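Data block for work.txt (compact mmCIF, C-alpha atoms (C1' of nucleotides)):
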# COMPACT_ATOMS: atom_id res chain seq x y z
CA MET A 1 285.51 127.57 50.19
CA ARG A 2 285.70 126.59 46.57
CA MET A 3 282.91 127.49 44.18
CA ALA A 4 282.29 127.29 40.45
CA THR A 5 279.91 128.60 37.83
CA TRP A 6 279.20 126.68 34.64
CA ASN A 7 276.78 126.92 31.74
CA ILE A 8 276.28 123.22 31.04
CA ASN A 9 273.92 123.50 28.03
CA SER A 10 271.48 120.80 29.16
CA ILE A 11 271.68 118.60 32.26
CA ARG A 12 270.24 115.71 30.27
CA ALA A 13 272.90 115.80 27.58
CA ARG A 14 275.64 116.58 30.15
CA HIS A 15 274.53 114.52 33.16
CA ASP A 16 277.46 112.13 33.32
CA ARG A 17 280.06 114.76 32.50
CA VAL A 18 278.70 117.23 35.07
CA LEU A 19 278.58 114.62 37.83
CA ALA A 20 282.04 113.30 36.96
CA TRP A 21 283.40 116.84 36.99
CA LEU A 22 281.71 117.58 40.31
CA GLU A 23 283.21 114.45 41.81
CA ARG A 24 286.79 115.36 40.89
CA SER A 25 286.64 119.16 41.07
CA ASP A 26 286.25 119.36 44.84
CA VAL A 27 284.01 122.42 44.71
CA ASP A 28 281.73 123.17 47.65
CA VAL A 29 279.26 125.14 45.58
CA LEU A 30 278.36 124.89 41.90
CA ALA A 31 276.15 127.40 40.10
CA LEU A 32 274.66 125.96 36.91
CA GLN A 33 273.08 127.67 33.93
CA GLU A 34 271.11 126.33 30.97
CA THR A 35 269.93 123.15 32.62
CA LYS A 36 267.20 123.06 29.95
CA ILE A 37 264.75 121.08 32.07
CA ASP A 38 261.80 121.64 34.38
CA ASP A 39 262.06 121.26 38.16
CA ALA A 40 260.25 117.92 38.25
CA ARG A 41 262.74 116.25 35.95
CA PHE A 42 265.98 117.71 37.31
CA PRO A 43 268.12 114.80 38.59
CA VAL A 44 268.44 115.99 42.20
CA GLU A 45 269.29 112.47 43.42
CA SER A 46 272.47 112.33 41.35
CA PHE A 47 273.78 115.40 43.16
CA GLU A 48 272.61 114.16 46.56
CA LYS A 49 274.58 110.95 46.09
CA LEU A 50 277.69 113.10 45.92
CA GLY A 51 276.69 115.00 49.05
CA TYR A 52 275.22 118.11 47.45
CA ARG A 53 271.85 119.68 47.96
CA VAL A 54 270.30 121.41 44.97
CA ALA A 55 267.99 124.34 44.40
CA HIS A 56 266.81 124.35 40.80
CA HIS A 57 264.61 126.74 38.86
CA GLY A 58 263.45 125.54 35.46
CA THR A 59 260.08 125.71 33.76
CA ASN A 60 260.63 124.10 30.34
CA GLN A 61 263.34 123.21 27.83
CA TRP A 62 264.75 126.73 27.81
CA ASN A 63 267.06 128.41 30.31
CA GLY A 64 267.06 126.81 33.79
CA VAL A 65 269.45 127.62 36.63
CA ALA A 66 270.57 125.88 39.80
CA VAL A 67 272.80 126.11 42.85
CA ALA A 68 274.30 122.90 44.23
CA SER A 69 276.04 123.03 47.60
CA ARG A 70 277.63 120.68 50.13
CA ILE A 71 278.11 123.45 52.71
CA GLY A 72 274.47 124.39 53.26
CA LEU A 73 271.69 125.75 51.12
CA GLU A 74 269.56 128.33 52.87
CA ASP A 75 267.16 131.12 52.00
CA VAL A 76 266.62 130.04 48.41
CA GLN A 77 265.33 132.83 46.19
CA ILE A 78 263.65 132.03 42.90
CA GLY A 79 264.62 134.97 40.74
CA VAL A 80 266.17 138.33 41.46
CA PRO A 81 263.28 140.54 42.62
CA GLY A 82 261.87 142.81 39.94
CA LEU A 83 263.40 141.18 36.88
CA PRO A 84 261.40 141.77 33.71
CA GLU A 85 259.38 139.12 31.94
CA TYR A 86 259.43 138.37 28.24
CA ASP A 87 256.08 137.93 26.50
CA GLN A 88 254.28 137.95 29.87
CA ALA A 89 256.35 134.98 31.03
CA ALA A 90 258.98 134.90 33.75
CA GLU A 91 261.98 133.06 32.35
CA ALA A 92 264.03 130.79 34.61
CA ARG A 93 267.23 132.82 34.54
CA SER A 94 268.20 133.41 38.16
CA ILE A 95 268.26 131.60 41.47
CA GLY A 96 270.02 132.49 44.70
CA ALA A 97 270.87 130.65 47.89
CA VAL A 98 273.06 131.20 50.94
CA CYS A 99 275.86 128.62 51.01
CA GLY A 100 278.38 128.68 53.82
CA GLY A 101 277.45 132.25 54.65
CA VAL A 102 277.72 133.52 51.07
CA ARG A 103 274.73 134.49 48.97
CA VAL A 104 275.37 132.81 45.65
CA TRP A 105 273.42 133.89 42.58
CA SER A 106 273.36 131.71 39.49
CA LEU A 107 272.49 133.97 36.56
CA TYR A 108 271.73 133.33 32.92
CA VAL A 109 271.56 136.75 31.32
CA PRO A 110 269.37 136.92 28.20
CA ASN A 111 271.26 136.45 24.94
CA GLY A 112 269.83 139.45 23.12
CA ARG A 113 269.72 137.63 19.78
CA ALA A 114 270.41 140.67 17.57
CA VAL A 115 271.16 144.33 18.16
CA ASP A 116 267.88 146.21 18.62
CA ASP A 117 265.81 143.02 18.63
CA PRO A 118 263.18 143.14 21.40
CA HIS A 119 265.29 140.51 23.19
CA TYR A 120 268.24 142.92 23.12
CA HIS A 121 266.27 145.58 24.97
CA TYR A 122 264.97 142.94 27.36
CA LYS A 123 268.60 141.98 28.06
CA LEU A 124 269.56 145.58 28.88
CA HIS A 125 266.53 146.04 31.10
CA TRP A 126 267.27 142.74 32.86
CA LEU A 127 270.84 143.87 33.60
CA ALA A 128 269.67 147.25 34.88
CA VAL A 129 267.35 145.53 37.36
CA LEU A 130 270.18 143.21 38.44
CA ARG A 131 272.44 146.21 38.99
CA ASP A 132 269.81 148.03 41.06
CA TYR A 133 269.20 144.94 43.17
CA ALA A 134 272.90 144.35 43.81
CA GLU A 135 273.51 148.00 44.62
CA LYS A 136 270.64 148.06 47.08
CA GLN A 137 271.79 144.88 48.83
CA LEU A 138 275.23 146.38 49.32
CA ALA A 139 273.85 149.67 50.56
CA ASN A 140 271.80 147.81 53.16
CA GLU A 141 274.73 145.71 54.28
CA PRO A 142 278.25 147.06 53.75
CA HIS A 143 279.87 143.73 54.66
CA LEU A 144 277.63 141.79 52.31
CA GLN A 145 279.00 138.40 51.27
CA MET A 146 277.47 137.95 47.84
CA VAL A 147 278.59 136.70 44.45
CA LEU A 148 276.83 137.23 41.12
CA CYS A 149 277.96 134.42 38.94
CA GLY A 150 276.92 132.95 35.67
CA ASP A 151 276.70 133.44 31.95
CA PHE A 152 276.45 137.20 31.38
CA ASN A 153 276.38 136.91 27.59
CA ILE A 154 278.64 139.97 27.39
CA ALA A 155 282.31 140.21 26.49
CA PRO A 156 283.27 143.31 28.52
CA THR A 157 286.31 144.35 26.45
CA ASP A 158 287.90 143.61 23.09
CA ASP A 159 290.45 141.47 24.96
CA ASP A 160 287.56 139.12 25.72
CA ILE A 161 286.87 138.11 22.11
CA TRP A 162 289.09 136.35 19.61
CA SER A 163 288.33 138.81 16.82
CA VAL A 164 286.92 142.31 16.88
CA GLU A 165 286.14 142.07 13.18
CA TYR A 166 284.24 138.82 13.54
CA TYR A 167 281.86 140.20 16.17
CA GLN A 168 281.38 143.58 14.50
CA GLY A 169 277.68 144.39 14.65
CA SER A 170 276.84 141.43 16.90
CA THR A 171 275.38 141.32 20.35
CA HIS A 172 277.65 140.65 23.37
CA VAL A 173 280.10 143.40 22.40
CA THR A 174 277.99 146.53 21.91
CA GLY A 175 278.50 149.69 23.91
CA PRO A 176 275.19 149.47 25.78
CA GLU A 177 275.81 145.84 26.80
CA ARG A 178 279.35 146.61 27.95
CA GLN A 179 278.05 149.65 29.84
CA ALA A 180 275.44 147.48 31.52
CA PHE A 181 278.13 145.05 32.63
CA THR A 182 280.39 147.88 33.82
CA SER A 183 277.55 149.36 35.84
CA VAL A 184 277.24 146.12 37.83
CA VAL A 185 280.98 146.23 38.47
CA ASP A 186 280.76 149.90 39.40
CA ALA A 187 278.01 149.05 41.87
CA GLY A 188 280.73 147.23 43.80
CA PHE A 189 280.87 143.74 42.33
CA THR A 190 284.35 142.83 41.17
CA ASP A 191 285.40 140.31 38.54
CA VAL A 192 287.49 138.13 40.85
CA VAL A 193 288.84 135.82 38.13
CA ARG A 194 290.50 138.41 35.90
CA PRO A 195 293.44 139.22 38.20
CA PHE A 196 294.51 135.57 38.08
CA HIS A 197 294.02 135.18 34.33
CA PRO A 198 294.77 138.40 32.48
CA GLY A 199 293.98 138.63 28.79
CA PRO A 200 293.93 138.80 25.95
CA GLY A 201 293.13 135.30 24.79
CA VAL A 202 291.46 134.02 27.97
CA TYR A 203 287.99 132.67 27.19
CA THR A 204 285.18 130.73 28.85
CA TYR A 205 283.07 129.92 25.77
CA TRP A 206 283.88 128.50 22.35
CA ASP A 207 281.31 127.99 19.58
CA TYR A 208 280.69 124.36 18.68
CA THR A 209 281.15 125.10 15.00
CA ARG A 210 284.19 125.87 12.85
CA LEU A 211 286.63 124.09 15.20
CA SER A 212 286.50 127.22 17.37
CA PHE A 213 288.01 125.61 20.46
CA GLN A 214 290.86 123.99 18.56
CA LYS A 215 291.59 127.33 16.90
CA ARG A 216 291.38 129.18 20.23
CA ARG A 217 288.53 131.32 18.97
CA GLY A 218 286.38 132.07 22.00
CA MET A 219 284.77 134.68 24.19
CA ARG A 220 285.00 135.47 27.91
CA ILE A 221 281.36 135.80 28.94
CA ASP A 222 281.10 133.79 32.21
CA PHE A 223 281.93 135.64 35.40
CA ALA A 224 281.98 135.66 39.17
CA LEU A 225 281.40 139.18 40.46
CA ALA A 226 281.97 139.45 44.20
CA SER A 227 280.90 142.05 46.76
CA PRO A 228 283.79 143.98 48.38
CA ALA A 229 283.88 141.91 51.56
CA LEU A 230 283.84 138.65 49.60
CA ALA A 231 286.32 139.83 46.97
CA ALA A 232 288.76 140.49 49.80
CA ARG A 233 288.71 136.75 50.58
CA VAL A 234 289.63 135.48 47.11
CA THR A 235 292.81 133.40 47.00
CA GLY A 236 292.69 132.02 43.47
CA ALA A 237 290.65 131.25 40.36
CA GLN A 238 290.72 128.90 37.41
CA ILE A 239 289.01 128.45 34.06
CA ASP A 240 288.84 124.72 33.45
CA ARG A 241 289.33 124.63 29.69
CA GLU A 242 290.22 120.93 29.89
CA GLU A 243 286.50 120.31 30.44
CA ARG A 244 285.78 121.80 27.00
CA LYS A 245 287.72 118.90 25.44
CA GLY A 246 286.68 115.32 24.68
CA LYS A 247 283.37 113.83 23.67
CA GLY A 248 280.18 115.76 24.33
CA PRO A 249 281.40 118.86 26.19
CA SER A 250 279.37 121.97 26.98
CA ASP A 251 280.37 124.93 24.85
CA HIS A 252 281.26 126.74 28.12
CA ALA A 253 284.06 125.89 30.56
CA PRO A 254 283.60 125.85 34.35
CA VAL A 255 284.95 128.92 36.14
CA ILE A 256 286.26 128.26 39.64
CA VAL A 257 286.98 130.68 42.52
CA GLU A 258 288.57 129.97 45.88
CA PHE A 259 287.88 131.98 49.05
CA ARG A 260 289.62 131.90 52.40
CA ASP A 261 287.45 131.45 55.48
CA ALA A 262 285.68 134.56 56.71
C1' DA B 1 274.71 135.30 3.44
C1' DT B 2 274.91 130.85 5.15
C1' DG B 3 276.48 126.82 7.22
C1' DC B 4 279.15 125.19 10.37
C1' DC B 5 277.38 122.12 15.69
C1' DG B 6 274.42 121.08 19.47
C1' DT B 7 269.99 120.70 22.23
C1' DA B 8 264.94 119.99 22.78
C1' DC B 9 260.39 120.01 21.12
C1' DC B 10 254.42 115.90 19.23
C1' DG B 11 259.80 116.23 15.49
C1' DT B 12 260.99 113.77 9.66
C1' DG B 13 261.07 120.38 10.48
C1' DT B 14 261.52 124.58 13.82
C1' DA B 15 263.36 127.49 17.60
C1' DC B 16 267.24 128.84 20.02
C1' DG B 17 271.99 129.62 21.07
C1' DA B 18 276.23 133.83 20.88

Turn the structure described in the file into structure tokens.
Amino acid sequence: MRMATWNINSIRARHDRVLAWLERSDVDVLALQETKIDDARFPVESFEKLGYRVAHHGTNQWNGVAVASRIGLEDVQIGVPGLPEYDQAAEARSIGAVCGGVRVWSLYVPNGRAVDDPHYHYKLHWLAVLRDYAEKQLANEPHLQMVLCGDFNIAPTDDDIWSVEYYQGSTHVTGPERQAFTSVVDAGFTDVVRPFHPGPGVYTYWDYTRLSFQKRRGMRIDFALASPALAARVTGAQIDREERKGKGPSDHAPVIVEFRDA
DNA sequence: ATGCCGTACCGTGTACGA
């Protein structure tokens, strides 16, 4: 089983690139973030033509997440249970589905905007709820096959950013955010890409401005965190930085993980 | 300190991103 997670920064702006990538990447499951579209307008047919079924959760031009799968799409869950709202509105930041026996979560963790901004506290609360959910699932089922993948909007260590000085005082690198990320890992969900691509200098996101990609100035903020039983099946992983090149790329690269059969 | 670039919105500017 081959799966990927990718923040595409708009399915409308990225439609042709996403479908072309899907066609050549040979992934069975693709978790998407930032589709930036509502359910009614998501181009499900384009994915179906390539043999994928899609579960999408989007309410407006912000956020939006999806799971596309050619190996089954069962027990779709719109949102991790108990996640907080912002301004009395549930944002479309998580969707889960069982694909080929694995519960795949596509997550778009809140950005946080600025340290101590209300959105920053919302981000930390959101991550705490995610951690509690994941921990509980694992406690209920020791052989749980589950992966939490997506854009976590956190660079867990200084190796995951191109410059400590540049991000001084910014979100994504603060102690509380890194602790929130670590607590998900400590709940039993392992970063299964890192062993195959040790840092420093390995990134999944590069700012559109300032020629960041060309200058290799990025951040590693997109992850696949696997439950113990699923992590034991990992055979390889890639970060497809080629996809960040060319005309009209997303600012994030696809992250791919391969699992042996259960 | 800001723009830098990119996306989407009843849009000729504003909000958001990380």

Using only C-alpha atoms (C1' of nucleotides), which residue out of A:Ala262, A:Ala40, A:Val255, A:Leu211 lies closest to DC5 of chain B?
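Selected residue with least distance to DC5 of chain B: A:Leu211.
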
Do you have, as a tab-separated table, the list of residues of chain A lying at most 10 Å from chain B, each with its nearest atom pair and that distance in Å to one decimal, counting all atoms listed in the file and ordered by chain then number?
residue	atom	partner	partner_atom	distance
A:Asn9	CA	B:DT7	C1'	7.5
A:Ser10	CA	B:DT7	C1'	7.1
A:Arg12	CA	B:DT7	C1'	9.5
A:Ala13	CA	B:DT7	C1'	7.8
A:Lys36	CA	B:DA8	C1'	8.1
A:Ile37	CA	B:DA8	C1'	9.4
A:Asn60	CA	B:DA8	C1'	9.6
A:Gln61	CA	B:DA8	C1'	6.2
A:Trp62	CA	B:DA8	C1'	8.4
A:Asn111	CA	B:DA18	C1'	6.9
A:Gly112	CA	B:DA18	C1'	8.8
A:Arg113	CA	B:DA18	C1'	7.6
A:Ala114	CA	B:DA18	C1'	9.6
A:Asn153	CA	B:DA18	C1'	7.4
A:Ile154	CA	B:DA18	C1'	9.3
A:Tyr167	CA	B:DA18	C1'	9.7
A:Ser170	CA	B:DA18	C1'	8.6
A:Thr171	CA	B:DA18	C1'	7.6
A:His172	CA	B:DA18	C1'	7.4
A:Tyr205	CA	B:DA18	C1'	9.3
A:Trp206	CA	B:DA18	C1'	9.4
A:Asp207	CA	B:DA18	C1'	7.8
A:Tyr208	CA	B:DC5	C1'	5.0
A:Thr209	CA	B:DC5	C1'	4.9
A:Arg210	CA	B:DC4	C1'	5.7
A:Leu211	CA	B:DC4	C1'	9.0
A:Met219	CA	B:DA18	C1'	9.2
A:Ile221	CA	B:DA18	C1'	9.8
A:Gly248	CA	B:DG6	C1'	9.2
A:Pro249	CA	B:DG6	C1'	9.9
A:Ser250	CA	B:DG6	C1'	9.0
A:Asp251	CA	B:DG6	C1'	8.9

What separation in Å, quoted to one decimal, exists between atom CA of Gln145 of chain A and atom CA of Gly100 of chain A?
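These atoms are spaced 10.1 Å apart.
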
Return as JSON the box centre and box size in Å, one decimal, for an axis-aligned box around all listed atoms of segment 1-12 of chain B padded by 6 Å per side.
{"center_x": 266.8, "center_y": 124.5, "center_z": 13.1, "size_x": 36.7, "size_y": 33.5, "size_z": 31.3}

For atom CA of Val164 of chain A and atom CA of Tyr122 of chain A, the interatomic separation in Å (one decimal):
24.3 Å

Polymer residues at most 8 Å from Pro110 of chain A, all atoms listed in the file, same-chain spacing of 3 or more positions, as a list in words
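What passes the distance filter is Arg93, His119, Tyr120, Tyr122, Lys123, Trp126, Phe152 and Asn153 of chain A.
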
Expected file contents, prior selection, C-alpha atoms, as an mmCIF file, keeping the file's coordinate frame:
data_model
loop_
_atom_site.group_PDB
_atom_site.id
_atom_site.type_symbol
_atom_site.label_atom_id
_atom_site.label_comp_id
_atom_site.auth_asym_id
_atom_site.auth_seq_id
_atom_site.Cartn_x
_atom_site.Cartn_y
_atom_site.Cartn_z
ATOM 1 C CA ARG A 93 267.230 132.820 34.540
ATOM 2 C CA HIS A 119 265.290 140.510 23.190
ATOM 3 C CA TYR A 120 268.240 142.920 23.120
ATOM 4 C CA TYR A 122 264.970 142.940 27.360
ATOM 5 C CA LYS A 123 268.600 141.980 28.060
ATOM 6 C CA TRP A 126 267.270 142.740 32.860
ATOM 7 C CA PHE A 152 276.450 137.200 31.380
ATOM 8 C CA ASN A 153 276.380 136.910 27.590
#
